[in-house]
file upload.tsv (TSV, C-alpha atoms)
chain	number	residue	atom	x	y	z
W	12	MET	CA	16.32	11.68	25.70
W	13	PRO	CA	19.13	11.50	28.26
W	14	GLY	CA	18.43	9.67	31.48
W	15	SER	CA	15.25	7.90	30.33
W	16	ARG	CA	14.21	5.16	28.00
W	17	ALA	CA	12.91	6.38	24.67
W	18	PRO	CA	9.20	5.69	24.17
W	19	ALA	CA	7.88	3.01	21.86
W	20	ILE	CA	5.92	4.71	19.07
W	21	HIS	CA	3.01	2.40	18.20
W	22	ILE	CA	1.81	3.61	14.82
W	23	VAL	CA	-0.91	2.20	12.57
W	24	LEU	CA	0.43	1.81	9.03
W	25	ALA	CA	-2.11	-0.69	7.67
W	26	ALA	CA	-3.76	0.80	4.59
W	27	ASP	CA	-4.74	0.17	0.97
W	28	TYR	CA	-1.44	-1.42	0.02
W	29	GLY	CA	-1.76	-0.92	-3.74
W	30	ASN	CA	-2.55	2.78	-3.39
W	31	ILE	CA	0.33	5.19	-3.99
W	32	GLY	CA	-1.64	7.97	-2.30
W	33	ASP	CA	-1.85	5.98	0.92
W	34	ALA	CA	1.88	5.28	0.71
W	35	LEU	CA	2.51	9.03	0.39
W	36	ILE	CA	0.62	10.07	3.52
W	37	TYR	CA	1.59	7.07	5.68
W	38	ARG	CA	5.25	7.68	4.84
W	39	GLU	CA	4.84	11.29	5.90
W	40	ALA	CA	3.07	10.24	9.11
W	41	LEU	CA	5.94	7.91	9.91
W	42	GLY	CA	8.33	10.83	9.43
W	43	TRP	CA	6.57	12.77	12.21
W	44	PHE	CA	7.81	10.23	14.76
W	45	ARG	CA	11.26	9.32	13.46
W	46	GLY	CA	13.85	10.07	16.13
W	47	LEU	CA	11.31	10.31	18.96
W	48	GLY	CA	11.42	6.65	19.94
W	49	VAL	CA	11.47	3.10	18.62
W	50	ILE	CA	8.92	2.58	15.85
W	51	HIS	CA	6.45	-0.25	16.43
W	52	ALA	CA	4.51	-0.40	13.16
W	53	ASN	CA	1.20	-2.25	12.88
W	54	LEU	CA	1.15	-3.23	9.20
W	55	GLY	CA	-1.83	-5.57	9.11
W	56	ARG	CA	-1.57	-7.86	6.07
W	57	ALA	CA	0.99	-5.66	4.32
W	58	PRO	CA	3.14	-7.22	1.57
W	59	GLU	CA	6.92	-6.84	1.63
W	60	GLN	CA	6.69	-4.06	-0.99
W	61	TRP	CA	4.69	-1.91	1.44
W	62	ILE	CA	7.53	-2.05	3.97
W	63	ASP	CA	9.98	-0.85	1.32
W	64	GLN	CA	7.60	1.80	0.00
W	65	LEU	CA	7.19	3.36	3.45
W	66	GLY	CA	10.92	3.30	4.08
W	67	LEU	CA	10.67	1.14	7.20
W	68	ASP	CA	13.93	-0.24	8.55
W	69	ARG	CA	13.76	-3.98	9.17
W	70	SER	CA	16.81	-3.83	11.43
W	71	THR	CA	15.66	-1.10	13.83
W	72	ASP	CA	11.87	-0.80	13.47
W	73	VAL	CA	9.65	-3.40	15.12
W	74	LEU	CA	7.18	-4.67	12.50
W	75	TYR	CA	3.89	-6.41	13.27
W	76	ARG	CA	2.36	-8.26	10.32
W	77	SER	CA	-0.32	-10.93	10.30
W	78	GLY	CA	0.47	-12.10	6.76
W	79	GLY	CA	-1.88	-12.44	3.81
W	80	SER	CA	-3.06	-15.96	4.68
W	81	ALA	CA	-3.15	-15.63	8.46
W	82	GLY	CA	-6.91	-15.11	8.57
W	83	ARG	CA	-8.90	-13.43	11.32
W	84	LEU	CA	-7.13	-15.25	14.17
W	85	GLY	CA	-3.75	-14.26	12.79
W	86	ARG	CA	-4.79	-10.60	12.60
W	87	LEU	CA	-6.19	-10.71	16.13
W	88	ALA	CA	-2.95	-12.24	17.42
W	89	ASN	CA	-0.92	-9.58	15.60
W	90	ASN	CA	-3.00	-6.76	17.08
W	91	ALA	CA	-2.96	-8.31	20.56
W	92	LYS	CA	0.83	-8.46	20.50
W	93	TRP	CA	1.07	-4.86	19.29
W	94	PHE	CA	-1.36	-3.49	21.87
W	95	GLY	CA	0.18	-5.62	24.61
W	96	ARG	CA	3.57	-4.03	23.98
W	97	LEU	CA	1.92	-0.59	23.91
W	98	PHE	CA	0.74	-0.91	27.52
W	99	SER	CA	4.18	-1.94	28.81
W	100	SER	CA	5.16	1.64	29.65
W	101	ARG	CA	3.39	4.92	30.35
W	102	ARG	CA	6.00	6.64	28.16
W	103	ASN	CA	4.72	4.90	25.03
W	104	VAL	CA	2.74	6.58	22.25
W	105	LEU	CA	-0.28	5.39	20.25
W	106	VAL	CA	-0.59	6.90	16.75
W	107	PHE	CA	-3.73	6.31	14.71
W	108	ASP	CA	-3.83	6.12	10.92
W	109	CYS	CA	-3.92	9.25	8.77
W	110	GLY	CA	-6.39	8.20	6.07
W	111	GLU	CA	-10.15	8.53	5.84
W	112	THR	CA	-12.16	7.10	8.74
W	113	ALA	CA	-15.45	5.40	7.85
W	114	LEU	CA	-17.99	5.72	10.66
W	115	ARG	CA	-20.96	3.84	9.26
W	116	LEU	CA	-23.07	1.78	11.66
W	117	GLY	CA	-21.19	-1.41	10.82
W	118	LYS	CA	-18.03	0.15	12.25
W	119	LEU	CA	-19.60	0.62	15.70
W	120	PRO	CA	-18.06	-2.56	17.25
W	121	LYS	CA	-14.58	-1.59	16.04
W	122	GLU	CA	-14.87	2.02	17.24
W	123	SER	CA	-16.23	0.84	20.59
W	124	VAL	CA	-13.21	-1.41	21.11
W	125	LEU	CA	-10.89	1.43	20.10
W	126	LEU	CA	-12.62	3.74	22.57
W	127	VAL	CA	-11.90	1.29	25.39
W	128	ILE	CA	-8.26	0.96	24.27
W	129	VAL	CA	-7.80	4.74	24.12
W	130	ALA	CA	-9.43	5.17	27.54
W	131	LEU	CA	-7.16	2.54	29.09
W	132	ALA	CA	-4.13	4.06	27.36
W	133	ARG	CA	-4.89	7.50	28.73
W	134	LEU	CA	-5.46	6.10	32.22
W	135	ARG	CA	-2.05	4.44	31.91
W	136	GLY	CA	-0.53	7.81	30.93
W	137	ILE	CA	0.14	6.82	27.32
W	138	THR	CA	0.08	9.63	24.74
W	139	VAL	CA	-2.51	9.25	21.95
W	140	VAL	CA	-2.02	11.15	18.68
W	141	ARG	CA	-4.29	11.35	15.64
W	142	PRO	CA	-2.39	12.90	12.70
W	143	PRO	CA	-4.31	14.81	10.00
W	144	HIS	CA	-7.11	12.58	8.74
W	145	ALA	CA	-10.74	12.86	7.67
W	146	VAL	CA	-14.15	11.56	8.65
W	147	ARG	CA	-15.92	10.02	5.68
W	148	ALA	CA	-19.18	11.67	4.67
W	149	ALA	CA	-22.54	10.61	6.19
W	150	PRO	CA	-21.33	8.91	9.40
W	151	SER	CA	-23.72	6.98	11.63
W	152	PRO	CA	-24.70	9.23	14.58
W	153	VAL	CA	-24.09	6.42	17.08
W	154	THR	CA	-20.68	5.45	15.66
W	155	LEU	CA	-19.73	9.11	15.39
W	156	ALA	CA	-20.61	9.65	19.06
W	157	VAL	CA	-18.28	6.82	20.12
W	158	TYR	CA	-15.53	8.08	17.83
W	159	ARG	CA	-16.00	11.64	19.11
W	160	LEU	CA	-15.47	10.50	22.69
W	161	ALA	CA	-12.31	8.59	21.72
W	162	CYS	CA	-11.00	11.73	20.05
W	163	ARG	CA	-11.95	13.88	23.02
W	164	ILE	CA	-9.73	11.91	25.38
W	165	SER	CA	-6.83	11.75	22.91
W	166	ASN	CA	-3.90	14.12	23.42
W	167	ALA	CA	-3.66	15.59	19.91
W	168	VAL	CA	-6.29	15.45	17.16
W	169	TYR	CA	-5.81	16.85	13.66
W	170	PHE	CA	-8.21	16.81	10.73
W	171	ARG	CA	-7.41	17.57	7.10
W	172	ASP	CA	-10.66	19.44	6.39
W	173	GLU	CA	-13.18	21.68	8.11
W	174	THR	CA	-16.05	19.26	7.44
W	175	SER	CA	-14.47	16.64	9.69
W	176	VAL	CA	-13.92	19.17	12.48
W	177	ALA	CA	-17.56	20.24	12.19
W	178	ALA	CA	-18.74	16.61	12.37
W	179	VAL	CA	-16.63	15.77	15.43
W	180	GLY	CA	-17.06	19.15	17.10
W	181	PHE	CA	-13.40	19.89	17.82
W	182	GLY	CA	-9.89	19.26	16.54
W	183	THR	CA	-7.29	21.25	14.63
W	184	VAL	CA	-7.51	21.68	10.87
W	185	THR	CA	-4.12	20.87	9.39
W	186	PRO	CA	-3.48	20.24	5.68
W	187	ASP	CA	-3.32	16.67	4.43
W	188	LEU	CA	0.10	15.17	5.11
W	189	GLY	CA	0.73	14.80	1.37
W	190	PHE	CA	1.09	18.57	1.16
W	191	GLY	CA	4.01	18.33	3.58
W	192	VAL	CA	6.28	16.62	1.06
W	193	GLU	CA	9.26	18.78	0.27
W	194	PRO	CA	9.18	19.88	-3.39
W	195	VAL	CA	11.03	17.64	-5.82
W	196	PRO	CA	12.79	19.54	-8.62
W	197	GLY	CA	11.02	18.94	-11.90
W	198	LEU	CA	10.64	20.74	-15.19
W	199	PRO	CA	9.79	24.44	-14.92
W	200	TRP	CA	6.07	24.78	-15.59
W	201	ALA	CA	6.64	26.71	-18.84
W	202	GLN	CA	8.57	23.72	-20.23
W	203	ARG	CA	5.93	21.15	-19.35
W	204	SER	CA	3.76	19.85	-22.17
W	205	THR	CA	1.83	16.90	-20.72
W	206	LEU	CA	-1.81	16.70	-19.65
W	207	ALA	CA	-1.94	13.70	-17.28
W	208	ILE	CA	-5.29	12.08	-16.50
W	209	SER	CA	-6.35	9.47	-13.94
W	210	LEU	CA	-9.99	8.74	-13.09
W	211	ARG	CA	-11.63	6.34	-10.68
W	212	GLY	CA	-12.66	3.07	-12.26
W	213	HIS	CA	-16.02	2.76	-10.49
W	214	THR	CA	-17.52	6.17	-11.36
W	215	PRO	CA	-19.60	6.97	-14.48
W	216	TYR	CA	-17.52	7.12	-17.63
W	217	PRO	CA	-17.03	10.68	-19.01
W	218	GLY	CA	-19.34	11.53	-21.90
W	219	GLU	CA	-18.55	12.75	-25.39
W	220	GLN	CA	-18.64	16.46	-24.47
W	221	TRP	CA	-16.04	15.92	-21.76
W	222	GLN	CA	-13.83	13.84	-24.05
W	223	ALA	CA	-14.03	16.37	-26.86
W	224	ALA	CA	-13.26	19.24	-24.49
W	225	VAL	CA	-10.17	17.52	-23.10
W	226	ARG	CA	-8.91	16.79	-26.61
W	227	ASP	CA	-9.57	20.39	-27.71
W	228	PHE	CA	-7.86	21.85	-24.65
W	229	ALA	CA	-4.73	19.72	-25.05
W	230	GLU	CA	-4.51	20.23	-28.81
W	231	ARG	CA	-4.82	23.99	-28.58
W	232	ARG	CA	-1.98	24.17	-26.04
W	233	GLY	CA	0.17	21.65	-27.88
W	234	TRP	CA	0.12	19.23	-24.95
W	235	SER	CA	0.24	15.45	-25.18
W	236	ILE	CA	-2.27	13.38	-23.21
W	237	GLU	CA	-0.99	10.62	-20.92
W	238	VAL	CA	-3.44	8.50	-18.95
W	239	PHE	CA	-2.34	6.49	-15.92
W	240	ALA	CA	-3.51	4.67	-12.83
W	241	GLN	CA	-2.24	5.53	-9.38
W	242	VAL	CA	-4.37	2.69	-7.96
W	243	SER	CA	-4.61	-0.75	-9.55
W	244	TYR	CA	-8.43	-0.59	-9.54
W	245	ASP	CA	-8.29	2.13	-12.20
W	246	ILE	CA	-6.22	0.34	-14.84
W	247	GLU	CA	-9.16	-0.60	-17.10
W	248	ARG	CA	-10.63	2.91	-16.90
W	249	SER	CA	-7.25	4.42	-17.78
W	250	ALA	CA	-6.80	2.15	-20.80
W	251	ALA	CA	-10.26	3.05	-22.13
W	252	LEU	CA	-9.67	6.78	-21.66
W	253	ALA	CA	-6.30	6.63	-23.37
W	254	SER	CA	-7.96	5.02	-26.39
W	255	ASP	CA	-10.91	7.44	-26.54
W	256	LEU	CA	-8.77	10.54	-26.01
W	257	GLY	CA	-6.06	9.54	-28.45
W	258	GLY	CA	-3.53	9.61	-25.64
W	259	THR	CA	-0.84	7.31	-24.30
W	260	MET	CA	-1.50	4.78	-21.56
W	261	VAL	CA	1.27	4.78	-18.97
W	262	ALA	CA	2.04	1.11	-18.33
W	263	TRP	CA	1.29	-0.28	-14.89
W	264	LEU	CA	4.17	-1.88	-12.98
W	265	GLU	CA	3.42	-4.60	-10.44
W	266	ASP	CA	6.32	-3.48	-8.27
W	267	GLN	CA	4.71	-0.68	-6.25
W	268	VAL	CA	7.97	1.09	-5.47
W	269	GLN	CA	8.81	1.25	-9.18
W	270	GLN	CA	5.23	2.24	-10.01
W	271	GLU	CA	5.43	5.17	-7.61
W	272	HIS	CA	8.72	6.29	-9.19
W	273	ARG	CA	7.09	6.12	-12.63
W	274	VAL	CA	4.05	8.13	-11.53
W	275	ARG	CA	6.20	10.73	-9.77
W	276	GLU	CA	8.28	11.13	-12.91
W	277	LEU	CA	5.07	11.80	-14.84
W	278	TYR	CA	4.00	14.44	-12.30
W	279	LEU	CA	7.38	16.17	-12.52
W	280	ARG	CA	6.90	16.82	-16.24
W	281	SER	CA	3.11	17.36	-16.34
W	282	ALA	CA	1.62	20.81	-16.76
W	283	LEU	CA	-1.88	19.83	-15.62
W	284	VAL	CA	-3.14	16.71	-13.84
W	285	LEU	CA	-6.85	15.95	-14.10
W	286	SER	CA	-8.26	13.44	-11.63
W	287	ASP	CA	-11.01	12.63	-9.16
W	288	ARG	CA	-8.59	10.87	-6.82
W	289	MET	CA	-7.50	13.21	-4.06
W	290	HIS	CA	-3.93	12.05	-3.63
W	291	VAL	CA	-3.31	11.98	-7.37
W	292	LEU	CA	-3.95	15.71	-7.19
W	293	VAL	CA	-2.05	16.25	-3.92
W	294	TYR	CA	1.02	14.34	-5.10
W	295	SER	CA	1.07	16.03	-8.50
W	296	THR	CA	0.64	19.46	-6.89
W	297	VAL	CA	3.75	19.08	-4.73
W	298	CYS	CA	5.57	17.98	-7.91
W	299	GLY	CA	4.75	21.30	-9.59
W	300	ALA	CA	1.73	20.39	-11.73
W	301	ILE	CA	-1.60	22.24	-11.73
W	302	PRO	CA	-4.33	20.07	-10.15
W	303	VAL	CA	-7.93	19.94	-11.37
W	304	GLU	CA	-10.94	17.78	-10.63
W	305	LEU	CA	-13.41	18.12	-13.51
W	306	VAL	CA	-16.05	15.41	-13.25
W	307	ALA	CA	-19.81	15.21	-12.95
W	308	SER	CA	-21.11	15.86	-9.43
W	309	PRO	CA	-17.81	15.78	-7.51
W	310	THR	CA	-17.90	15.12	-3.79
W	311	LYS	CA	-16.54	17.66	-1.30
W	312	LYS	CA	-13.61	15.42	-0.38
W	313	ILE	CA	-11.10	17.05	-2.72
W	314	SER	CA	-12.38	20.61	-2.52
W	315	GLY	CA	-12.48	20.49	1.30
W	316	SER	CA	-8.97	19.12	1.69
W	317	PHE	CA	-7.48	21.51	-0.86
W	318	HIS	CA	-9.31	24.44	0.74
W	319	ALA	CA	-7.69	23.54	4.08
W	320	ALA	CA	-4.33	23.78	2.30
W	321	GLY	CA	-5.18	27.22	0.88
W	322	LEU	CA	-5.84	25.91	-2.64
W	323	ASP	CA	-9.27	26.69	-4.04
W	324	ARG	CA	-10.75	26.46	-7.56
W	325	VAL	CA	-9.44	22.90	-7.89
W	326	SER	CA	-12.75	21.01	-8.01
W	327	HIS	CA	-15.35	21.74	-10.73
W	328	ASP	CA	-18.65	20.14	-11.67
W	329	ALA	CA	-18.73	18.96	-15.29
W	330	ALA	CA	-22.40	17.94	-15.20
W	331	GLY	CA	-24.47	19.66	-17.89
W	332	GLN	CA	-21.49	21.63	-19.23
W	333	SER	CA	-20.98	22.06	-22.95
W	334	ARG	CA	-17.75	21.32	-24.76
W	335	ALA	CA	-16.87	25.03	-24.90
W	336	GLU	CA	-17.72	25.57	-21.23
W	337	LEU	CA	-15.50	22.68	-20.17
W	338	VAL	CA	-12.57	24.03	-22.21
W	339	ALA	CA	-13.13	27.46	-20.67
W	340	CYS	CA	-13.11	25.92	-17.20
W	341	LEU	CA	-9.74	24.27	-17.84
W	342	ASP	CA	-8.37	27.56	-19.17
W	343	GLU	CA	-9.53	29.32	-16.00
W	344	VAL	CA	-7.87	26.70	-13.80
W	345	VAL	CA	-4.54	27.33	-15.53
W	346	ALA	CA	-4.95	31.10	-15.31
W	347	ALA	CA	-5.76	30.96	-11.58
W	348	ALA	CA	-2.86	28.68	-10.60
W	349	SER	CA	-0.23	31.37	-10.12
W	350	GLY	CA	-0.72	31.35	-6.34
W	351	ASN	CA	-0.40	27.59	-5.89
W	352	ALA	CA	3.31	27.62	-5.01
W	353	GLU	CA	2.86	30.24	-2.30
W	354	ALA	CA	-0.11	28.36	-0.84
W	355	LEU	CA	1.99	25.19	-0.69
W	356	VAL	CA	4.71	26.98	1.26
W	357	THR	CA	2.11	28.07	3.83
W	358	ALA	CA	0.56	24.60	3.98
W	359	ARG	CA	3.94	22.99	4.61
W	360	ALA	CA	4.64	25.49	7.38
W	361	ARG	CA	1.33	24.60	9.09
W	362	ILE	CA	2.14	20.89	8.87
W	363	ARG	CA	5.63	21.50	10.31
W	364	SER	CA	4.07	23.45	13.16
W	365	ALA	CA	1.73	20.56	14.00
W	366	ARG	CA	4.61	18.11	13.75
W	367	THR	CA	6.72	20.17	16.14
W	368	ALA	CA	3.81	20.41	18.60
W	369	VAL	CA	3.43	16.62	18.59
W	370	ALA	CA	7.19	16.13	19.04
W	371	GLU	CA	7.19	18.43	22.06
W	372	LEU	CA	4.15	16.61	23.45
W	373	ILE	CA	6.07	13.33	23.27
W	374	ALA	CA	9.50	14.69	24.22
W	375	PRO	CA	8.85	17.90	26.22
W	376	VAL	CA	12.44	18.04	27.46
W	377	ASN	CA	13.65	18.70	23.92
W	378	LYS	CA	12.29	22.15	23.12
W	379	SER	CA	14.81	22.67	20.32
W	380	LEU	CA	13.08	20.25	17.94
W	381	SER	CA	12.29	21.80	14.58
W	382	PHE	CA	11.51	20.39	11.16
W	383	ARG	CA	12.26	21.86	7.77

call {"tool": "encode", "arguments": {"input": "upload.tsv", "output": "structure tokens"}}
result
Amino acid sequence: MPGSRAPAIHIVLAADYGNIGDALIYREALGWFRGLGVIHANLGRAPEQWIDQLGLDRSTDVLYRSGGSAGRLGRLANNAKWFGRLFSSRRNVLVFDCGETALRLGKLPKESVLLVIVALARLRGITVVRPPHAVRAAPSPVTLAVYRLACRISNAVYFRDETSVAAVGFGTVTPDLGFGVEPVPGLPWAQRSTLAISLRGHTPYPGEQWQAAVRDFAERRGWSIEVFAQVSYDIERSAALASDLGGTMVAWLEDQVQQEHRVRELYLRSALVLSDRMHVLVYSTVCGAIPVELVASPTKKISGSFHAAGLDRVSHDAAGQSRAELVACLDEVVAAASGNAEALVTARARIRSARTAVAELIAPVNKSLSFR
């Protein structure tokens, strides 16, 4: 921006550091603001691997980390330094995280503090942006009211599903940032012969009917079964499923950058990915696989976010279904997937449009900004 100092982009990048899905969306969020100013990243207690996984530049980006053993005082000092720098100029930008926001009653003190910070930032003339995120189900009415006010005085607010917009009362529905990843060339779908599976470790274990149906479905199509964990918490569940399904367990790598490469490689050769983790399905979808959630009593988290991206018939309730009915459901998912690629093109275009709007909000003098 000729003739003026570039703004400092204060972005929250503290997340679940062992979660590849979080890495996916936080990396995309960071990409929204590259080139618009100097990145000031609040990383919380992030390990070194997280910095590499997000593609942060240690030489040009300003990184704020409290360290794993810093304790509460260390985290407070880290945040104070980050927020202090934020208020140094009215040209600066505050960017909130793009994950799922929990608004239970216990979060009221935190949200109250954030409301004060946002109010002071707006009075200072600082731009406040909330990239596509979600409000977790069943929020506390009091905490939600505080959060709603903080959103109301923000400059740009995006949600990844209609349920969150309904809860807050306003905001723009924009597909989850994971859908904005440019397609990575993989095997053509007709040449793919892997059914990849990853289930949450803390949910009820699938019963015999489900296991038999998955085996039948894969055997009839001539597909191999590979079970993996995208999050370290799911390793035990994945190993048990691999044994019961007669499949292969994809080994877990402690290096998170290498683990993400391994998982992406699996997605690029998988025909169908079955999971109850949202970003397992999002990531595999942009890698060309067909996504399906087939578990007992699924929440609306996955179906709502995929619906916002124009992808329906992804989430299915396996409760009370017979072996034959479960196989038929999987067959129907495959048959209905022909429109997925077109829906992804539209979803990416909507995300690019939101990204351009935010860029113009931050740098209004540069109306030529566009993102492919």

call {"tool": "residues_around", "arguments": {"input": "upload.tsv", "residues": "range 57-65 of chain W", "least_positions_apart": "3", "cutoff": "12 Å", "atoms": "only C-alpha atoms", "output": "number ranges by chain"}}
result
W: 23-42, 52-54, 68-69, 72-81, 86, 265-272

call {"tool": "write_last_selection", "arguments": {"input": "upload.tsv", "atoms": "C-alpha atoms", "output": "mmCIF file, keeping the file's coordinate frame"}}
result
data_model
loop_
_atom_site.group_PDB
_atom_site.id
_atom_site.type_symbol
_atom_site.label_atom_id
_atom_site.label_comp_id
_atom_site.auth_asym_id
_atom_site.auth_seq_id
_atom_site.Cartn_x
_atom_site.Cartn_y
_atom_site.Cartn_z
ATOM 1 C CA VAL W 23 -0.910 2.200 12.570
ATOM 2 C CA LEU W 24 0.430 1.810 9.030
ATOM 3 C CA ALA W 25 -2.110 -0.690 7.670
ATOM 4 C CA ALA W 26 -3.760 0.800 4.590
ATOM 5 C CA ASP W 27 -4.740 0.170 0.970
ATOM 6 C CA TYR W 28 -1.440 -1.420 0.020
ATOM 7 C CA GLY W 29 -1.760 -0.920 -3.740
ATOM 8 C CA ASN W 30 -2.550 2.780 -3.390
ATOM 9 C CA ILE W 31 0.330 5.190 -3.990
ATOM 10 C CA GLY W 32 -1.640 7.970 -2.300
ATOM 11 C CA ASP W 33 -1.850 5.980 0.920
ATOM 12 C CA ALA W 34 1.880 5.280 0.710
ATOM 13 C CA LEU W 35 2.510 9.030 0.390
ATOM 14 C CA ILE W 36 0.620 10.070 3.520
ATOM 15 C CA TYR W 37 1.590 7.070 5.680
ATOM 16 C CA ARG W 38 5.250 7.680 4.840
ATOM 17 C CA GLU W 39 4.840 11.290 5.900
ATOM 18 C CA ALA W 40 3.070 10.240 9.110
ATOM 19 C CA LEU W 41 5.940 7.910 9.910
ATOM 20 C CA GLY W 42 8.330 10.830 9.430
ATOM 21 C CA ALA W 52 4.510 -0.400 13.160
ATOM 22 C CA ASN W 53 1.200 -2.250 12.880
ATOM 23 C CA LEU W 54 1.150 -3.230 9.200
ATOM 24 C CA ASP W 68 13.930 -0.240 8.550
ATOM 25 C CA ARG W 69 13.760 -3.980 9.170
ATOM 26 C CA ASP W 72 11.870 -0.800 13.470
ATOM 27 C CA VAL W 73 9.650 -3.400 15.120
ATOM 28 C CA LEU W 74 7.180 -4.670 12.500
ATOM 29 C CA TYR W 75 3.890 -6.410 13.270
ATOM 30 C CA ARG W 76 2.360 -8.260 10.320
ATOM 31 C CA SER W 77 -0.320 -10.930 10.300
ATOM 32 C CA GLY W 78 0.470 -12.100 6.760
ATOM 33 C CA GLY W 79 -1.880 -12.440 3.810
ATOM 34 C CA SER W 80 -3.060 -15.960 4.680
ATOM 35 C CA ALA W 81 -3.150 -15.630 8.460
ATOM 36 C CA ARG W 86 -4.790 -10.600 12.600
ATOM 37 C CA GLU W 265 3.420 -4.600 -10.440
ATOM 38 C CA ASP W 266 6.320 -3.480 -8.270
ATOM 39 C CA GLN W 267 4.710 -0.680 -6.250
ATOM 40 C CA VAL W 268 7.970 1.090 -5.470
ATOM 41 C CA GLN W 269 8.810 1.250 -9.180
ATOM 42 C CA GLN W 270 5.230 2.240 -10.010
ATOM 43 C CA GLU W 271 5.430 5.170 -7.610
ATOM 44 C CA HIS W 272 8.720 6.290 -9.190
#

call {"tool": "closest_residue", "arguments": {"input": "upload.tsv", "among": "W:Ala307, W:Ala352, W:Ala335, W:Leu206", "to": "Ala229 in chain W", "atoms": "all atoms listed in the file"}}
result
W:Leu206

call {"tool": "atom_distance", "arguments": {"input": "upload.tsv", "atom1": "CA of Asp245 in chain W", "atom2": "CA of Ala148 in chain W"}}
result
22.2 Å

call {"tool": "closest_residue", "arguments": {"input": "upload.tsv", "among": "W:Glu111, W:Glu371, W:Glu219, W:Asp187", "to": "Leu292 in chain W", "atoms": "all atoms listed in the file"}}
result
W:Asp187

call {"tool": "atom_distance", "arguments": {"input": "upload.tsv", "atom1": "CA of His51 in chain W", "atom2": "CA of Ile20 in chain W"}}
result
5.6 Å

call {"tool": "residues_around", "arguments": {"input": "upload.tsv", "residues": "range 116-127 of chain W", "least_positions_apart": "3", "cutoff": "10 Å", "atoms": "all atoms listed in the file", "output": "MDAnalysis selection string"}}
result
chainID W and resid 112:113 130:133 150:162 164:165

call {"tool": "residues_around", "arguments": {"input": "upload.tsv", "residues": "Ala347 in chain W", "least_positions_apart": "4", "cutoff": "12 Å", "atoms": "all atoms listed in the file", "output": "list in words"}}
result
Ile301, Pro302, Val303, Leu322, Asp323, Arg324, Val325, Cys340, Leu341, Asp342, Glu343, Asn351 and Ala352 of chain W

call {"tool": "write_last_selection", "arguments": {"input": "upload.tsv", "atoms": "C-alpha atoms", "output": "mmCIF file, keeping the file's coordinate frame"}}
result
data_model
loop_
_atom_site.group_PDB
_atom_site.id
_atom_site.type_symbol
_atom_site.label_atom_id
_atom_site.label_comp_id
_atom_site.auth_asym_id
_atom_site.auth_seq_id
_atom_site.Cartn_x
_atom_site.Cartn_y
_atom_site.Cartn_z
ATOM 1 C CA ILE W 301 -1.600 22.240 -11.730
ATOM 2 C CA PRO W 302 -4.330 20.070 -10.150
ATOM 3 C CA VAL W 303 -7.930 19.940 -11.370
ATOM 4 C CA LEU W 322 -5.840 25.910 -2.640
ATOM 5 C CA ASP W 323 -9.270 26.690 -4.040
ATOM 6 C CA ARG W 324 -10.750 26.460 -7.560
ATOM 7 C CA VAL W 325 -9.440 22.900 -7.890
ATOM 8 C CA CYS W 340 -13.110 25.920 -17.200
ATOM 9 C CA LEU W 341 -9.740 24.270 -17.840
ATOM 10 C CA ASP W 342 -8.370 27.560 -19.170
ATOM 11 C CA GLU W 343 -9.530 29.320 -16.000
ATOM 12 C CA ASN W 351 -0.400 27.590 -5.890
ATOM 13 C CA ALA W 352 3.310 27.620 -5.010
#

call {"tool": "closest_residue", "arguments": {"input": "upload.tsv", "among": "W:Val184, W:Leu283, W:Leu105, W:Ile236", "to": "Pro143 in chain W", "atoms": "all atoms listed in the file"}}
result
W:Val184

call {"tool": "atom_distance", "arguments": {"input": "upload.tsv", "atom1": "CA of Phe107 in chain W", "atom2": "CA of Ala145 in chain W"}}
result
11.9 Å

call {"tool": "residues_near_point", "arguments": {"input": "upload.tsv", "point": "(-6.6, 16.0, 1.0)", "cutoff": "7 Å", "atoms": "only C-alpha atoms", "output": "list in words"}}
result
Arg171, Asp187, Met289, His290, Val293, Ile313, Ser316 and Phe317 of chain W

call {"tool": "closest_residue", "arguments": {"input": "upload.tsv", "among": "W:Leu198, W:Leu252, W:Ile373, W:Ala224", "to": "Gly212 in chain W", "atoms": "all atoms listed in the file"}}
result
W:Leu252

call {"tool": "closest_residue", "arguments": {"input": "upload.tsv", "among": "W:Ala330, W:Gly55, W:His144, W:Cys109", "to": "Gly85 in chain W", "atoms": "all atoms listed in the file"}}
result
W:Gly55

call {"tool": "residues_near_point", "arguments": {"input": "upload.tsv", "point": "(1.6, 16.7, -3.0)", "cutoff": "8 Å", "atoms": "only C-alpha atoms", "output": "ChimeraX atom specification"}}
result
/W:189-192,290,292-298

call {"tool": "axis_aligned_box", "arguments": {"input": "upload.tsv", "around": "range 295-300 of chain W", "padding_each_side": "6 Å", "output": "lines of an AutoDock Vina configuration file"}}
result
center_x = 3.1
center_y = 18.7
center_z = -8.2
size_x = 16.9
size_y = 17.3
size_z = 19.0

call {"tool": "decode", "arguments": {"input": "upload.tsv", "residues": "range 132-143 of chain W", "atoms": "C-alpha atoms", "output": "PDB file, in the first residue's frame"}}
result
ATOM      1  CA  ALA W 132     -10.525  -2.217  19.063  1.00  0.00           C
ATOM      2  CA  ARG W 133     -13.480  -0.855  17.142  1.00  0.00           C
ATOM      3  CA  LEU W 134     -13.355   2.425  19.077  1.00  0.00           C
ATOM      4  CA  ARG W 135      -9.679   2.634  18.097  1.00  0.00           C
ATOM      5  CA  GLY W 136     -10.643   2.073  14.440  1.00  0.00           C
ATOM      6  CA  ILE W 137      -9.119  -1.406  14.247  1.00  0.00           C
ATOM      7  CA  THR W 138     -10.734  -3.838  11.785  1.00  0.00           C
ATOM      8  CA  VAL W 139     -12.144  -7.041  13.320  1.00  0.00           C
ATOM      9  CA  VAL W 140     -12.679 -10.095  11.104  1.00  0.00           C
ATOM     10  CA  ARG W 141     -14.197 -13.472  11.964  1.00  0.00           C
ATOM     11  CA  PRO W 142     -13.488 -15.973   9.152  1.00  0.00           C
ATOM     12  CA  PRO W 143     -15.894 -18.875   8.544  1.00  0.00           C
TER      13      PRO W 143
END
